[in-house]
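Peer 1: my_file.csv is reproduced in full below (CSV, C-alpha atoms and all ligand atoms).
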chain,number,residue,atom,x,y,z
A,1,MET,CA,161.0,63.7,87.0
A,2,THR,CA,162.2,62.3,90.3
A,3,SER,CA,160.8,58.9,91.4
A,4,GLU,CA,159.8,58.5,95.0
A,5,PRO,CA,162.3,56.7,97.2
A,6,LYS,CA,161.8,53.1,98.3
A,7,ARG,CA,160.5,52.8,101.8
A,8,ALA,CA,161.6,50.1,104.3
A,9,LEU,CA,160.2,49.2,107.7
A,10,ILE,CA,162.6,47.6,110.2
A,11,THR,CA,161.3,45.9,113.3
A,12,GLY,CA,164.0,45.6,116.0
A,13,ILE,CA,165.7,48.8,114.7
A,14,THR,CA,167.1,49.6,118.2
A,15,GLY,CA,169.1,46.3,118.1
A,16,GLN,CA,172.6,45.6,116.8
A,17,ASP,CA,171.5,44.7,113.3
A,18,GLY,CA,168.7,47.2,113.1
A,19,SER,CA,171.1,50.1,113.4
A,20,TYR,CA,173.5,48.8,110.8
A,21,LEU,CA,170.7,48.0,108.4
A,22,ALA,CA,169.2,51.4,108.8
A,23,GLU,CA,172.5,53.0,107.9
A,24,TRP,CA,172.9,50.7,104.9
A,25,LEU,CA,169.4,51.4,103.6
A,26,LEU,CA,169.8,55.2,104.0
A,27,ASP,CA,173.0,54.9,102.0
A,28,GLN,CA,171.0,53.1,99.3
A,29,GLY,CA,168.6,56.1,99.2
A,30,TYR,CA,165.7,54.5,101.1
A,31,GLU,CA,163.2,56.2,103.4
A,32,VAL,CA,163.7,54.2,106.6
A,33,HIS,CA,161.0,53.6,109.1
A,34,GLY,CA,161.6,51.7,112.4
A,35,LEU,CA,159.2,50.0,114.8
A,36,VAL,CA,160.0,50.8,118.4
A,37,SER,CA,158.2,50.0,121.6
A,38,ARG,CA,157.2,52.5,124.2
A,39,THR,CA,160.1,51.4,126.5
A,40,SER,CA,162.8,51.5,123.7
A,41,ARG,CA,165.2,54.4,124.0
A,42,PRO,CA,165.8,55.0,120.3
A,43,ALA,CA,167.4,58.4,120.7
A,44,LEU,CA,170.2,56.9,122.7
A,45,GLY,CA,172.9,54.4,121.9
A,46,ARG,CA,172.9,52.6,118.7
A,47,LEU,CA,170.5,54.8,116.8
A,48,ALA,CA,172.6,58.0,117.4
A,49,VAL,CA,174.3,57.3,114.1
A,50,VAL,CA,171.0,57.7,112.2
A,51,GLU,CA,169.2,60.2,114.4
A,52,GLY,CA,167.1,62.6,112.5
A,53,ARG,CA,167.3,60.6,109.3
A,54,ILE,CA,164.7,57.8,110.1
A,55,VAL,CA,161.0,57.8,111.0
A,56,LEU,CA,160.0,55.9,114.2
A,57,THR,CA,156.6,54.3,114.7
A,58,THR,CA,155.5,52.8,118.0
A,59,GLY,CA,154.4,49.2,118.0
A,60,ASP,CA,155.1,45.7,119.4
A,61,LEU,CA,155.2,42.2,117.9
A,62,LEU,CA,152.9,41.2,120.8
A,63,ASP,CA,150.2,43.6,119.5
A,64,GLN,CA,148.5,42.9,116.1
A,65,GLY,CA,146.8,46.2,115.8
A,66,SER,CA,150.0,48.1,116.3
A,67,LEU,CA,151.6,46.2,113.5
A,68,VAL,CA,148.7,47.0,111.2
A,69,ARG,CA,149.0,50.6,112.0
A,70,ALA,CA,152.8,50.6,111.5
A,71,LEU,CA,152.4,49.1,108.1
A,72,GLU,CA,149.6,51.6,107.2
A,73,THR,CA,151.7,54.5,108.3
A,74,SER,CA,155.0,53.5,106.7
A,75,ARG,CA,153.5,51.9,103.5
A,76,PRO,CA,156.8,49.9,103.0
A,77,HIS,CA,158.1,48.3,99.8
A,78,GLU,CA,160.3,46.1,102.1
A,79,VAL,CA,159.8,44.9,105.6
A,80,TYR,CA,162.8,43.5,107.6
A,81,ASN,CA,161.7,41.6,110.7
A,82,LEU,CA,164.7,41.8,113.1
A,83,ALA,CA,162.7,42.0,116.3
A,84,ALA,CA,163.0,39.1,118.7
A,85,GLN,CA,163.8,38.0,122.2
A,86,SER,CA,167.3,37.0,120.9
A,87,PHE,CA,169.3,36.0,124.0
A,88,VAL,CA,169.5,32.2,124.1
A,89,PRO,CA,169.8,31.8,128.0
A,90,THR,CA,166.7,34.0,128.5
A,91,SER,CA,164.7,31.5,126.3
A,92,TRP,CA,165.1,28.9,129.1
A,93,SER,CA,164.1,31.3,131.9
A,94,GLU,CA,161.2,32.8,129.8
A,95,PRO,CA,160.2,30.2,127.1
A,96,VAL,CA,156.7,31.4,126.8
A,97,SER,CA,157.4,35.1,126.3
A,98,THR,CA,160.2,34.1,123.9
A,99,ALA,CA,157.7,32.1,121.8
A,100,GLU,CA,155.2,34.9,122.0
A,101,VAL,CA,157.6,37.4,120.5
A,102,THR,CA,160.1,35.3,118.4
A,103,ALA,CA,157.6,32.8,117.0
A,104,LEU,CA,154.0,34.2,117.2
A,105,GLY,CA,155.2,37.7,116.6
A,106,VAL,CA,156.1,36.7,113.1
A,107,ALA,CA,152.7,35.2,112.5
A,108,ARG,CA,151.1,38.5,113.6
A,109,LEU,CA,153.4,40.5,111.4
A,110,LEU,CA,152.8,38.3,108.3
A,111,GLU,CA,149.0,38.5,108.8
A,112,ALA,CA,149.2,42.2,109.0
A,113,LEU,CA,151.4,42.3,105.9
A,114,ARG,CA,148.9,40.1,104.0
A,115,HIS,CA,146.0,42.5,104.7
A,116,VAL,CA,147.8,45.9,104.5
A,117,CYS,CA,150.6,45.5,101.9
A,118,PRO,CA,150.7,42.1,100.3
A,119,GLU,CA,153.1,43.3,97.6
A,120,ALA,CA,155.8,44.3,100.1
A,121,ARG,CA,158.9,42.1,100.2
A,122,PHE,CA,159.6,40.5,103.6
A,123,TYR,CA,162.8,39.4,105.3
A,124,GLN,CA,162.7,37.1,108.4
A,125,ALA,CA,165.8,37.0,110.7
A,126,SER,CA,166.4,33.3,111.0
A,127,THR,CA,169.4,31.8,112.7
A,128,SER,CA,172.0,29.1,112.8
A,129,GLU,CA,170.6,28.2,116.3
A,130,MET,CA,167.9,26.3,114.3
A,131,PHE,CA,170.6,23.8,113.2
A,132,GLY,CA,171.7,23.2,116.8
A,133,LYS,CA,173.0,19.7,117.0
A,134,ALA,CA,173.2,19.1,113.2
A,135,SER,CA,176.7,18.2,112.0
A,136,PRO,CA,178.7,21.0,110.4
A,137,PRO,CA,179.0,22.5,107.9
A,138,GLN,CA,175.4,23.6,107.9
A,139,SER,CA,173.7,24.7,104.7
A,140,GLU,CA,170.1,25.4,103.5
A,141,THR,CA,169.5,21.7,103.1
A,142,THR,CA,170.7,20.7,106.6
A,143,PRO,CA,167.8,19.4,108.8
A,144,PHE,CA,167.1,21.4,111.9
A,145,HIS,CA,167.8,20.2,115.4
A,146,PRO,CA,167.3,23.1,117.8
A,147,ARG,CA,168.9,23.1,121.3
A,148,SER,CA,167.0,25.9,123.0
A,149,PRO,CA,163.5,27.4,123.3
A,150,TYR,CA,164.9,30.3,121.2
A,151,GLY,CA,165.9,27.9,118.4
A,152,VAL,CA,162.5,26.2,118.5
A,153,ALA,CA,160.7,29.6,118.3
A,154,LYS,CA,162.8,30.6,115.3
A,155,ILE,CA,162.0,27.4,113.5
A,156,TYR,CA,158.3,28.2,113.8
A,157,ALA,CA,159.0,31.7,112.4
A,158,HIS,CA,161.1,30.3,109.6
A,159,TRP,CA,158.4,27.9,108.5
A,160,ALA,CA,155.7,30.6,108.9
A,161,THR,CA,157.7,32.7,106.4
A,162,VAL,CA,158.2,29.8,103.9
A,163,ASN,CA,154.5,28.8,104.2
A,164,HIS,CA,153.4,32.4,103.6
A,165,ARG,CA,155.4,32.5,100.4
A,166,GLU,CA,154.0,29.2,99.3
A,167,SER,CA,150.4,30.0,100.3
A,168,TYR,CA,150.1,33.6,99.1
A,169,GLY,CA,153.0,34.1,96.6
A,170,THR,CA,154.5,36.7,99.0
A,171,PHE,CA,158.1,37.7,98.3
A,172,ALA,CA,159.3,36.4,101.6
A,173,CYS,CA,162.8,35.3,102.4
A,174,SER,CA,164.3,33.6,105.5
A,175,GLY,CA,167.9,34.5,106.1
A,176,LEU,CA,169.7,31.7,108.1
A,177,LEU,CA,172.4,33.9,109.6
A,178,PHE,CA,175.3,32.6,111.7
A,179,ASN,CA,176.6,34.6,114.6
A,180,HIS,CA,177.5,38.2,113.8
A,181,GLU,CA,179.0,40.7,116.1
A,182,SER,CA,180.3,44.3,116.3
A,183,PRO,CA,180.9,47.1,118.8
A,184,ARG,CA,177.2,47.5,118.9
A,185,ARG,CA,176.6,43.9,120.1
A,186,GLY,CA,174.6,43.6,123.3
A,187,GLU,CA,176.9,43.2,126.3
A,188,GLU,CA,175.4,39.8,127.4
A,189,PHE,CA,176.6,38.0,124.2
A,190,VAL,CA,179.9,36.3,124.6
A,191,THR,CA,182.0,38.3,122.1
A,192,ARG,CA,181.1,41.7,123.7
A,193,LYS,CA,181.2,40.3,127.2
A,194,VAL,CA,184.8,39.3,126.5
A,195,THR,CA,185.9,42.4,124.7
A,196,ARG,CA,184.4,44.7,127.3
A,197,ALA,CA,186.0,42.6,130.1
A,198,VAL,CA,189.4,42.8,128.4
A,199,ALA,CA,189.1,46.6,128.2
A,200,ARG,CA,188.0,46.9,131.9
A,201,ILE,CA,190.8,44.5,133.1
A,202,HIS,CA,193.3,46.5,131.1
A,203,LEU,CA,192.0,49.8,132.6
A,204,GLY,CA,192.1,48.3,136.1
A,205,LEU,CA,188.3,48.4,136.5
A,206,GLN,CA,187.8,44.6,136.8
A,207,SER,CA,190.1,41.7,137.7
A,208,ASP,CA,188.5,38.6,136.3
A,209,LEU,CA,186.1,37.3,133.6
A,210,ARG,CA,183.7,34.5,134.4
A,211,LEU,CA,182.7,32.3,131.4
A,212,GLY,CA,180.7,29.1,130.7
A,213,ASN,CA,181.5,26.6,128.0
A,214,MET,CA,184.8,27.6,126.3
A,215,ASP,CA,184.8,24.7,123.9
A,216,ALA,CA,181.7,25.7,121.9
A,217,ARG,CA,182.6,26.7,118.3
A,218,ARG,CA,180.9,29.5,116.4
A,219,ASP,CA,181.1,30.9,112.9
A,220,TRP,CA,181.5,34.6,113.8
A,221,GLY,CA,181.2,37.4,111.2
A,222,HIS,CA,180.6,41.2,111.3
A,223,ALA,CA,177.1,42.6,111.5
A,224,LYS,CA,178.0,45.2,108.9
A,225,ASP,CA,178.7,42.5,106.3
A,226,PHE,CA,175.6,40.5,107.3
A,227,VAL,CA,173.0,43.3,107.0
A,228,ARG,CA,174.1,43.8,103.4
A,229,ALA,CA,173.1,40.1,102.7
A,230,MET,CA,169.6,40.8,104.1
A,231,TRP,CA,169.1,43.6,101.6
A,232,LEU,CA,170.5,41.6,98.7
A,233,MET,CA,168.0,38.8,99.4
A,234,LEU,CA,165.1,41.2,98.8
A,235,GLN,CA,166.6,42.5,95.5
A,236,GLN,CA,166.5,39.2,93.7
A,237,ASP,CA,164.0,38.2,91.0
A,238,GLU,CA,162.7,35.2,93.1
A,239,PRO,CA,162.4,34.8,96.8
A,240,ARG,CA,164.7,32.2,98.4
A,241,ASP,CA,166.2,31.3,101.7
A,242,TYR,CA,169.9,31.7,102.3
A,243,VAL,CA,172.6,30.7,104.7
A,244,ILE,CA,174.9,33.7,105.6
A,245,ALA,CA,178.2,32.7,107.2
A,246,THR,CA,181.9,33.2,106.9
A,247,GLY,CA,182.7,29.5,106.7
A,248,VAL,CA,185.4,30.0,109.4
A,249,THR,CA,184.9,28.7,113.0
A,250,HIS,CA,186.6,29.5,116.3
A,251,THR,CA,186.1,28.2,119.8
A,252,VAL,CA,185.2,30.5,122.7
A,253,GLU,CA,188.7,29.9,124.0
A,254,GLN,CA,190.2,31.1,120.7
A,255,LEU,CA,188.0,34.2,120.9
A,256,VAL,CA,189.2,34.9,124.4
A,257,ASP,CA,192.8,34.4,123.4
A,258,THR,CA,192.5,36.8,120.4
A,259,ALA,CA,190.8,39.5,122.6
A,260,PHE,CA,193.4,39.3,125.4
A,261,ARG,CA,196.3,39.4,122.9
A,262,CYS,CA,194.9,42.8,121.7
A,263,VAL,CA,196.1,44.3,125.0
A,264,ASP,CA,199.2,41.9,125.3
A,265,ARG,CA,197.7,39.9,128.2
A,266,ASP,CA,197.5,36.2,128.8
A,267,TRP,CA,193.8,35.1,129.3
A,268,HIS,CA,194.9,32.3,131.8
A,269,ASP,CA,195.6,35.1,134.3
A,270,HIS,CA,192.1,36.4,134.3
A,271,VAL,CA,189.4,33.9,133.1
A,272,VAL,CA,187.4,31.8,135.6
A,273,GLN,CA,185.2,29.0,134.4
A,274,ASP,CA,181.8,29.2,136.1
A,275,PRO,CA,179.6,26.1,135.9
A,276,ALA,CA,176.6,28.3,136.6
A,277,LEU,CA,177.1,29.8,133.1
A,278,LEU,CA,176.7,26.4,131.3
A,279,ARG,CA,173.5,26.0,129.4
A,280,PRO,CA,170.9,23.2,129.8
A,281,ALA,CA,171.7,22.1,126.2
A,282,GLU,CA,174.6,23.5,124.1
A,283,VAL,CA,175.1,24.1,120.4
A,284,ASP,CA,178.6,22.7,120.1
A,285,HIS,CA,179.8,23.4,116.6
A,286,LEU,CA,178.5,25.9,114.0
A,287,VAL,CA,180.1,26.6,110.7
A,288,GLY,CA,178.1,27.7,107.7
A,289,ASP,CA,178.3,26.8,104.0
A,290,ALA,CA,177.2,30.0,102.3
A,291,THR,CA,177.8,28.8,98.7
A,292,ARG,CA,174.3,29.7,97.6
A,293,ALA,CA,174.6,33.3,98.8
A,294,ARG,CA,178.0,33.6,97.2
A,295,GLU,CA,176.8,32.3,93.8
A,296,GLU,CA,173.3,33.9,93.7
A,297,LEU,CA,173.7,37.1,95.7
A,298,GLY,CA,177.3,37.7,95.0
A,299,TRP,CA,177.8,38.1,98.7
A,300,ALA,CA,181.0,37.5,100.6
A,301,PRO,CA,182.1,38.8,104.0
A,302,LYS,CA,184.8,41.6,103.9
A,303,ILE,CA,185.7,41.9,107.6
A,304,THR,CA,187.9,39.1,109.2
A,305,PHE,CA,187.4,37.7,112.7
A,306,ALA,CA,190.7,39.1,114.0
A,307,ASP,CA,189.9,42.6,112.6
A,308,MET,CA,186.4,42.5,114.2
A,309,ILE,CA,187.7,41.6,117.6
A,310,ARG,CA,190.4,44.3,117.4
A,311,GLU,CA,187.7,46.8,116.5
A,312,MET,CA,185.5,45.7,119.4
A,313,VAL,CA,188.4,45.8,122.0
A,314,ASP,CA,189.4,49.3,120.8
A,315,TYR,CA,185.8,50.5,121.0
A,316,ASP,CA,185.4,49.1,124.5
A,317,LEU,CA,188.8,50.5,125.7
A,318,ALA,CA,187.6,54.0,124.6
A,319,SER,CA,184.1,53.7,126.0
A,320,CYS,CA,185.1,52.1,129.3
A,321,ALA,CA,187.7,54.8,129.9
A,322,ARG,CA,185.1,57.4,129.3
A,323,ASP,CA,182.6,55.6,131.6
A,324,ALA,CA,185.2,55.3,134.3
A,325,GLN,CA,184.5,58.9,135.1
A,326,LEU,CA,181.1,57.6,136.4
A,327,PRO,CA,180.5,55.1,139.2
A,328,VAL,CA,181.5,51.7,137.9
A,329,LEU,CA,178.5,49.3,137.6
A,330,PRO,CA,178.9,45.6,138.1
A,331,PRO,CA,179.5,43.7,134.8
A,332,THR,CA,176.5,42.1,133.1
A,333,LEU,CA,176.2,38.4,132.6
B,1,LIG,P1,169.1,42.4,119.4
B,1,LIG,O1,170.2,43.4,119.4
B,1,LIG,O2,168.8,41.6,120.6
B,1,LIG,O3,167.8,43.3,119.0
B,1,LIG,C1,166.5,42.7,119.1
B,1,LIG,C2,165.5,43.8,118.8
B,1,LIG,O4,164.2,43.3,118.9
B,1,LIG,C3,165.6,45.1,119.7
B,1,LIG,O5,165.5,46.2,118.8
B,1,LIG,C4,164.3,45.0,120.5
B,1,LIG,O6,163.8,46.3,120.8
B,1,LIG,C5,163.4,44.3,119.6
B,1,LIG,N1,162.2,43.7,120.2
B,1,LIG,C6,162.3,42.7,121.3
B,1,LIG,N2,161.0,42.4,121.6
B,1,LIG,C7,160.2,43.1,120.8
B,1,LIG,C8,158.8,43.2,120.7
B,1,LIG,N3,157.9,42.4,121.5
B,1,LIG,N4,158.2,44.0,119.7
B,1,LIG,C9,159.0,44.7,118.9
B,1,LIG,N5,160.4,44.7,119.0
B,1,LIG,C10,160.9,43.9,119.9
B,1,LIG,O7,169.3,41.4,118.1
B,1,LIG,P2,170.3,41.5,116.9
B,1,LIG,O8,171.6,40.8,117.3
B,1,LIG,O9,170.3,42.8,116.3
B,1,LIG,O10,169.6,40.4,115.9
B,1,LIG,C11,168.5,40.8,115.0
B,1,LIG,C12,167.7,39.6,114.7
B,1,LIG,O11,168.5,38.6,114.1
B,1,LIG,C13,167.0,38.9,115.9
B,1,LIG,O12,165.8,38.5,115.4
B,1,LIG,C14,167.9,37.8,116.2
B,1,LIG,O13,167.2,36.7,116.8
B,1,LIG,C15,168.4,37.4,114.8
B,1,LIG,N6,169.7,36.8,114.6
B,1,LIG,C16,170.8,37.4,115.2
B,1,LIG,C17,172.0,36.8,115.0
B,1,LIG,C18,173.3,37.5,115.6
B,1,LIG,O14,174.3,36.8,115.7
B,1,LIG,N7,173.2,38.7,116.0
B,1,LIG,C19,172.2,35.7,114.3
B,1,LIG,C20,171.1,35.1,113.7
B,1,LIG,C21,169.8,35.7,113.9
B,1,LIG,P3,164.0,47.0,122.3
B,1,LIG,O15,165.2,46.4,122.9
B,1,LIG,O16,164.1,48.4,121.9
B,1,LIG,O17,162.8,46.7,123.1
B,2,LIG,N1,176.5,34.7,126.4
B,2,LIG,C1,177.5,33.9,126.9
B,2,LIG,N2,178.1,34.3,128.1
B,2,LIG,N3,178.0,32.9,126.2
B,2,LIG,C2,179.0,32.1,126.7
B,2,LIG,C3,179.5,32.4,128.0
B,2,LIG,C4,179.1,33.6,128.7
B,2,LIG,O1,179.5,33.9,129.8
B,2,LIG,N4,180.5,31.5,128.2
B,2,LIG,C5,180.5,30.7,127.2
B,2,LIG,N5,179.6,31.0,126.3
B,2,LIG,C6,179.3,30.3,125.0
B,2,LIG,C7,177.8,29.9,124.9
B,2,LIG,O2,177.6,28.7,125.7
B,2,LIG,C8,177.7,29.7,123.4
B,2,LIG,O3,178.1,28.4,123.1
B,2,LIG,C9,178.7,30.7,122.8
B,2,LIG,O4,179.5,31.2,123.9
B,2,LIG,C10,178.0,31.9,122.1
B,2,LIG,O5,177.0,32.4,123.0
B,2,LIG,P1,176.3,33.8,122.7
B,2,LIG,O6,177.3,34.9,122.3
B,2,LIG,O7,175.3,34.1,123.8
B,2,LIG,O8,175.5,33.5,121.3
B,2,LIG,P2,174.6,32.3,120.8
B,2,LIG,O9,175.4,31.6,119.8
B,2,LIG,O10,174.0,31.6,122.0
B,2,LIG,O11,173.4,33.1,120.1
B,2,LIG,C11,173.7,34.2,119.2
B,2,LIG,O12,173.8,33.7,117.9
B,2,LIG,C12,172.7,33.1,117.3
B,2,LIG,C13,173.1,32.6,115.9
B,2,LIG,O13,173.7,31.4,116.0
B,2,LIG,C14,172.5,35.1,119.4
B,2,LIG,O14,172.8,36.3,118.7
B,2,LIG,C15,171.2,34.5,118.8
B,2,LIG,O15,170.2,35.5,118.8
B,2,LIG,C16,171.6,34.1,117.3
B,2,LIG,O16,170.4,33.6,116.7
Since I need it in another form, could you write the structure as structure tokens?
Peer 2:
Amino acid sequence: MTSEPKRALITGITGQDGSYLAEWLLDQGYEVHGLVSRTSRPALGRLAVVEGRIVLTTGDLLDQGSLVRALETSRPHEVYNLAAQSFVPTSWSEPVSTAEVTALGVARLLEALRHVCPEARFYQASTSEMFGKASPPQSETTPFHPRSPYGVAKIYAHWATVNHRESYGTFACSGLLFNHESPRRGEEFVTRKVTRAVARIHLGLQSDLRLGNMDARRDWGHAKDFVRAMWLMLQQDEPRDYVIATGVTHTVEQLVDTAFRCVDRDWHDHVVQDPALLRPAEVDHLVGDATRAREELGWAPKITFADMIREMVDYDLASCARDAQLPVLPPTL
């Protein structure tokens, strides 16, 4: 007798992490459902790798009824809430809509979960941005000190998740993930902005790269490694919250240097510092202590920073060369 496969619902499936998590869960034998909005273009881009192998349901974290319907349709054993307004600068220009999606969206989803499938296990995509100004290394016991409306919204979502677990006994986990990147990273985030610019400069499509604060330090890992940790959290006997990080930190300047070296160029010849790209408040130094994840989940990252940047530059060299056949659009922020 064959048992029915486990079902998972992923919100934010069209994002960087959503596509890697969908691939990982399919490899584990899951039936994968994804929540997409009417304006998402799931057939394109990142989801091409899982096209035809996942079930898409329309819905929005802003709309409670759509979340209820998505849960009723997919009947998930596990729910991964990856949806958010996730770009930090936008959280200053749109603090209210950021809070509506990134904070209150989680309250809506948890309420829907409580009524439709209270037995389902729940993962909340929390972030090192919640630590903000706190001194490194940051661990599960480090007090939060957010430095952006995005960080503030994520703290609401984190505590909503913890409180749901404590109030109703839900198997709910908050994953405190440090920055993670890949060739599927949005082009507005600094790693992808840099690797794409390196590729375009090397191909003669762009001459310079404008950046803000190059002294900020981040603990950058690979998204492929990090989605495995999300899944591991939901396979434990007891729900807990975990920091997921590599424990290695680099400055933005070191990132830039690593990326330009991939094409044997000196970044000093191309990078322009632009005060307009500085943030109203900065997170200066993130480096995570993932001891709990290592000891309890058996998790450790496999892909190094240098290998990840090389993979991203190679991907952007290939895709920018292909795109060069088309009219060249101005680079994004
Ligand atoms: P991402 O690429 O920006 O993806 C965000 C996803 O959220 C997209 O699929 C987007 O869908 C969806 N979304 C936005 N508003 C929505 C709404 N109102 N209703 C439903 N879906 C909505 O983010 P990511 O890098 O994959 O990160 C995944 C999650 O982890 C996010 O919650 C992020 O805040 C968090 N996180 C990320 C990192 C990191 O370094 N990547 C670190 C810590 C935590 P459409 O674009 O199709 O509308
Ligand atoms: N985006 C961007 N663009 N960042 C720049 C630039 C630039 O031109 N120049 C310097 N930076 C600096 C930022 O000031 C910041 O210190 C650092 O590069 C990283 O910026 P992002 O790549 O935009 O990521 P983030 O750290 O603000 O946020 C990401 O990681 C969080 C986890 O810590 C996002 O993925 C968040 O959603 C996530 O929670």
Peer 1: Ranking A:Arg265, A:Arg46, A:His115, A:Arg240 by minimum distance to ligand LIG 1 (chain B) and counting all atoms listed in the file, which one comes first?
Peer 2: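 When distances to ligand LIG 1 (chain B) are compared using all atoms listed in the file, the smallest one comes from A:Arg46.
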Peer 1: Between A:Cys173, A:Ala306, A:Val283, A:Leu62, which has the minimum distance to ligand LIG 1 (chain B) (counting all atoms listed in the file)?
Peer 2: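 Residue with the minimum atom-to-atom distance to ligand LIG 1 (chain B): A:Leu62.
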Peer 1: Within 6 Å of ligand LIG 2 (chain B), which residues of chain A come that close, and what is the closest atom pair and distance in Å for each? Count only C-alpha atoms and all ligand atoms and give it as CSV.
Peer 2:
residue,atom,partner,partner_atom,distance
A:Ser86,CA,B:LIG2,O15,3.9
A:Phe87,CA,B:LIG2,O15,5.3
A:Val88,CA,B:LIG2,O10,5.0
A:Thr127,CA,B:LIG2,O16,4.5
A:Ser128,CA,B:LIG2,O13,4.3
A:Glu129,CA,B:LIG2,O13,4.5
A:Phe178,CA,B:LIG2,C13,4.7
A:Asn179,CA,B:LIG2,C13,4.2
A:Glu188,CA,B:LIG2,N1,5.3
A:Phe189,CA,B:LIG2,O6,3.7
A:Val190,CA,B:LIG2,O6,3.7
A:Thr191,CA,B:LIG2,O6,5.8
A:Leu211,CA,B:LIG2,O1,3.9
A:Gly212,CA,B:LIG2,N4,3.5
A:Asn213,CA,B:LIG2,C5,4.3
A:Met214,CA,B:LIG2,C5,5.4
A:Ala216,CA,B:LIG2,O3,4.7
A:Val252,CA,B:LIG2,O4,5.9
A:Leu277,CA,B:LIG2,O1,5.8
A:Val283,CA,B:LIG2,O3,5.9
Peer 1: Check which residues of chain A sit at most 6 Å from ligand LIG 1 (chain B) using all atoms listed in the file, and return one row each with the closest pair of atoms and their distance in Å to one decimal, ordered by chain and rising number, as a Markdown table.
Peer 2:
| residue | atom | partner | partner_atom | distance |
| --- | --- | --- | --- | --- |
| A:Thr11 | CA | B:LIG1 | N5 | 5.9 |
| A:Gly12 | CA | B:LIG1 | O5 | 3.2 |
| A:Ile13 | CA | B:LIG1 | O5 | 4.9 |
| A:Thr14 | CA | B:LIG1 | O5 | 3.8 |
| A:Gly15 | CA | B:LIG1 | O1 | 3.4 |
| A:Gln16 | CA | B:LIG1 | O9 | 3.7 |
| A:Asp17 | CA | B:LIG1 | O9 | 3.7 |
| A:Gly18 | CA | B:LIG1 | O9 | 5.7 |
| A:Val36 | CA | B:LIG1 | O16 | 5.9 |
| A:Ser37 | CA | B:LIG1 | O17 | 5.9 |
| A:Ser40 | CA | B:LIG1 | O16 | 3.8 |
| A:Asp60 | CA | B:LIG1 | N4 | 3.5 |
| A:Leu61 | CA | B:LIG1 | N4 | 3.9 |
| A:Leu62 | CA | B:LIG1 | N3 | 5.2 |
| A:Leu82 | CA | B:LIG1 | C12 | 4.0 |
| A:Ala83 | CA | B:LIG1 | O4 | 3.3 |
| A:Ala84 | CA | B:LIG1 | O12 | 4.4 |
| A:Gln85 | CA | B:LIG1 | C6 | 5.0 |
| A:Ser86 | CA | B:LIG1 | O13 | 4.1 |
| A:Val101 | CA | B:LIG1 | N3 | 5.1 |
| A:Ala125 | CA | B:LIG1 | O11 | 4.6 |
| A:Ser126 | CA | B:LIG1 | C21 | 5.1 |
| A:Thr127 | CA | B:LIG1 | C20 | 3.8 |
| A:Leu177 | CA | B:LIG1 | C20 | 4.5 |
| A:Phe178 | CA | B:LIG1 | C19 | 5.1 |
| A:Asn179 | CA | B:LIG1 | O14 | 3.4 |
| A:His180 | CA | B:LIG1 | O14 | 4.0 |
| A:Gly186 | CA | B:LIG1 | O1 | 5.9 |
Peer 1: Do you have the atom CA of A:Glu253-atom CA of A:Asp215 distance handy?
Peer 2: 6.5 Å
Peer 1: Calculated over only C-alpha atoms, which of the candidates A:Gly221, A:Gly247, A:Pro183, A:Pro275 has the smallest distance to A:Asp316?
Peer 2: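 Between A:Gly221, A:Gly247, A:Pro183, A:Pro275, the residue approaching A:Asp316 most closely is A:Pro183.
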Peer 1: Extract, using only C-alpha atoms, all DNA, RNA and protein residues at most 8 Å from A:Ser74, discarding same-chain residues fewer than 6 positions from it, and format them as a list in words.
Peer 2: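 Once the adjacent positions are removed, what remains is Arg7, Ala8, Leu9 and His33 of chain A.
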Peer 1: Please list as a ChimeraX atom specification every residue within 8 Å of stretch 103-112 of chain A, counting all atoms listed in the file and excluding residues in the same chain fewer than 5 positions away.
Peer 2: /A:61-64,67-68,71,81,98,117,153-157,160-161,164
Peer 1: Could you extract stretch 293-312 of chain A of the given structure into a file holding C-alpha atoms, as an mmCIF file, in the first residue's frame?
Peer 2:
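Written out: result_21.cif:
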data_model
loop_
_atom_site.group_PDB
_atom_site.id
_atom_site.type_symbol
_atom_site.label_atom_id
_atom_site.label_comp_id
_atom_site.auth_asym_id
_atom_site.auth_seq_id
_atom_site.Cartn_x
_atom_site.Cartn_y
_atom_site.Cartn_z
ATOM 1 C CA ALA A 293 21.102 24.612 14.290
ATOM 2 C CA ARG A 294 24.358 22.672 13.964
ATOM 3 C CA GLU A 295 23.772 20.679 17.152
ATOM 4 C CA GLU A 296 19.999 20.067 16.924
ATOM 5 C CA LEU A 297 19.290 20.082 13.178
ATOM 6 C CA GLY A 298 22.644 18.725 12.038
ATOM 7 C CA TRP A 299 22.715 21.672 9.620
ATOM 8 C CA ALA A 300 25.849 23.236 8.173
ATOM 9 C CA PRO A 301 26.329 25.293 5.016
ATOM 10 C CA LYS A 302 28.023 23.523 2.094
ATOM 11 C CA ILE A 303 28.652 26.388 -0.363
ATOM 12 C CA THR A 304 31.376 28.959 0.373
ATOM 13 C CA PHE A 305 31.065 32.711 -0.170
ATOM 14 C CA ALA A 306 33.732 32.704 -2.930
ATOM 15 C CA ASP A 307 32.082 29.816 -4.803
ATOM 16 C CA MET A 308 28.680 31.507 -4.553
ATOM 17 C CA ILE A 309 29.956 34.820 -5.963
ATOM 18 C CA ARG A 310 31.720 32.953 -8.774
ATOM 19 C CA GLU A 311 28.447 31.097 -9.584
ATOM 20 C CA MET A 312 26.523 34.400 -9.630
#
